[in-house]
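The data block below is my_file.tsv; it holds TSV, C-alpha atoms.
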```tsv
chain	number	residue	atom	x	y	z
C	309	MET	CA	261.05	-1.05	-69.02
C	310	LYS	CA	259.55	-3.48	-71.48
C	311	ALA	CA	257.75	-2.41	-74.63
C	312	SER	CA	254.55	-4.14	-73.51
C	313	ALA	CA	254.54	-2.08	-70.31
C	314	ILE	CA	255.11	1.10	-72.29
C	315	GLN	CA	252.17	0.37	-74.59
C	316	GLU	CA	249.85	0.14	-71.58
C	317	LEU	CA	250.76	3.65	-70.37
C	318	THR	CA	248.46	6.60	-70.94
C	319	ASP	CA	249.70	9.57	-72.94
C	320	ILE	CA	250.32	11.61	-69.79
C	321	GLU	CA	252.23	8.79	-68.10
C	322	LEU	CA	254.27	8.32	-71.26
C	323	VAL	CA	255.38	11.96	-71.27
C	324	GLN	CA	256.12	11.89	-67.54
C	325	ASN	CA	258.24	8.75	-67.86
C	326	LEU	CA	260.10	10.29	-70.79
C	327	GLU	CA	260.93	13.44	-68.79
C	328	THR	CA	261.97	11.39	-65.77
C	329	SER	CA	264.23	9.17	-67.85
C	330	ARG	CA	265.89	12.15	-69.53
C	331	ARG	CA	266.62	13.68	-66.13
C	332	GLU	CA	268.03	10.36	-64.95
C	333	ILE	CA	270.37	10.20	-67.96
C	334	LEU	CA	271.64	13.69	-67.12
C	335	ASN	CA	272.23	12.73	-63.49
C	336	LEU	CA	273.98	9.51	-64.48
C	337	ARG	CA	276.26	11.38	-66.87
C	338	LEU	CA	277.18	13.84	-64.14
C	339	GLN	CA	277.91	10.99	-61.75
C	340	ALA	CA	280.06	9.29	-64.37
C	341	GLN	CA	282.09	12.46	-64.94
C	342	THR	CA	282.71	12.94	-61.23
C	343	GLY	CA	283.58	9.30	-60.65
C	344	GLN	CA	280.59	8.57	-58.43
C	345	LEU	CA	278.77	6.19	-60.79
C	346	GLU	CA	279.04	2.55	-59.75
C	347	ASN	CA	276.77	0.88	-62.30
C	348	THR	CA	277.80	2.20	-65.71
C	349	ALA	CA	275.41	-0.15	-67.49
C	350	ARG	CA	272.51	1.87	-66.11
C	351	ILE	CA	273.24	4.65	-68.62
C	352	THR	CA	272.67	2.25	-71.50
C	353	GLN	CA	269.48	0.89	-69.94
C	354	VAL	CA	268.00	4.35	-69.49
C	355	ARG	CA	269.00	5.43	-73.01
C	356	ARG	CA	267.18	2.40	-74.42
C	357	ASP	CA	264.14	3.15	-72.27
C	358	VAL	CA	264.07	6.69	-73.67
C	359	ALA	CA	264.25	5.30	-77.20
C	360	ARG	CA	261.36	2.92	-76.49
C	361	LEU	CA	259.28	5.72	-75.00
C	362	GLN	CA	259.96	7.99	-77.97
C	363	THR	CA	259.11	5.20	-80.40
C	364	GLU	CA	255.75	4.63	-78.71
C	365	GLN	CA	255.07	8.36	-78.62
C	366	THR	CA	255.78	8.67	-82.35
C	367	ALA	CA	253.61	5.65	-83.14
C	368	ARG	CA	250.70	7.17	-81.23
C	369	GLN	CA	251.11	10.50	-83.04
C	370	ARG	CA	251.09	8.82	-86.43
C	371	LYS	CA	248.07	6.76	-85.47
C	372	GLN	CA	246.17	9.93	-84.54
C	373	GLN	CA	247.14	11.62	-87.82
C	374	THR	CA	245.86	8.76	-89.94
C	375	ALA	CA	242.58	8.47	-88.01
```
Before we go any further, please render this structure as structure tokens.
Amino acid sequence: MKASAIQELTDIELVQNLETSRREILNLRLQAQTGQLENTARITQVRRDVARLQTEQTARQRKQQTA
């Protein structure tokens, strides 16, 4: 997910995407441990998406505090 797409999300969508991505990371880790994961690069992609989502969430919180 690109940063520009994340910035266009509403606050509710942002939280939902964050929860979904965290669940996906958990599932991918379990698949990796059991040997069922085919695309190991997906773990890195999802981790970066979570970081982007958290960064946007923090930026919005700081913006609200200063306003």
What's around Leu326 of chain C at 12 Å? Count all atoms listed in the file, leave out sequence neighbours fewer than 2 positions away in its own chain, and write the answer as JSON, numbers by chain.
{"C": [309, 314, 317, 319, 320, 321, 322, 323, 324, 328, 329, 330, 331, 332, 333, 354, 355, 356, 357, 358, 359, 360, 361, 362, 363, 364, 365]}
Store the residues picked out above, limited to C-alpha atoms, as a tab-separated table (two decimals), in the frame of the given file.
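Dumped to result25.tsv:
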```tsv
chain	number	residue	atom	x	y	z
C	309	MET	CA	261.05	-1.05	-69.02
C	314	ILE	CA	255.11	1.10	-72.29
C	317	LEU	CA	250.76	3.65	-70.37
C	319	ASP	CA	249.70	9.57	-72.94
C	320	ILE	CA	250.32	11.61	-69.79
C	321	GLU	CA	252.23	8.79	-68.10
C	322	LEU	CA	254.27	8.32	-71.26
C	323	VAL	CA	255.38	11.96	-71.27
C	324	GLN	CA	256.12	11.89	-67.54
C	328	THR	CA	261.97	11.39	-65.77
C	329	SER	CA	264.23	9.17	-67.85
C	330	ARG	CA	265.89	12.15	-69.53
C	331	ARG	CA	266.62	13.68	-66.13
C	332	GLU	CA	268.03	10.36	-64.95
C	333	ILE	CA	270.37	10.20	-67.96
C	354	VAL	CA	268.00	4.35	-69.49
C	355	ARG	CA	269.00	5.43	-73.01
C	356	ARG	CA	267.18	2.40	-74.42
C	357	ASP	CA	264.14	3.15	-72.27
C	358	VAL	CA	264.07	6.69	-73.67
C	359	ALA	CA	264.25	5.30	-77.20
C	360	ARG	CA	261.36	2.92	-76.49
C	361	LEU	CA	259.28	5.72	-75.00
C	362	GLN	CA	259.96	7.99	-77.97
C	363	THR	CA	259.11	5.20	-80.40
C	364	GLU	CA	255.75	4.63	-78.71
C	365	GLN	CA	255.07	8.36	-78.62
```
Taking all atoms of segment 320-327 of chain C that the file lists and extending 8 Å past them on each side, where is the centre of the axis-aligned box and how long are its edges? Answer in Å to one decimal, as AutoDock Vina command-line options.
```
--center_x 255.6 --center_y 10.9 --center_z -69.4 --size_x 26.6 --size_y 21.1 --size_z 19.7
```
So how many Å separate atom CA of Ser312 of chain C and atom CA of Arg337 of chain C, to one decimal?
27.5 Å
Between C:Asn325, C:Leu336, C:Lys310, C:Glu316, which is the closest to Thr352 of chain C once you count all atoms listed in the file?
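Answer, going by the shortest atom-to-atom distance: C:Leu336.
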Atom CA of Ala349 of chain C and atom CA of Thr366 of chain C are how many Å apart?
26.2 Å
Mind giving me the straight-line distance from atom CA of Lys371 of chain C to atom CA of Gln353 of chain C in Å, one decimal?
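Result for atom CA of Lys371 of chain C versus atom CA of Gln353 of chain C: 27.1 Å, one decimal.
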Just checking: using all atoms listed in the file, which residue out of C:Asn335, C:Thr318, C:Thr342, C:Ala311 ends up closest to Arg368 of chain C?
C:Thr318
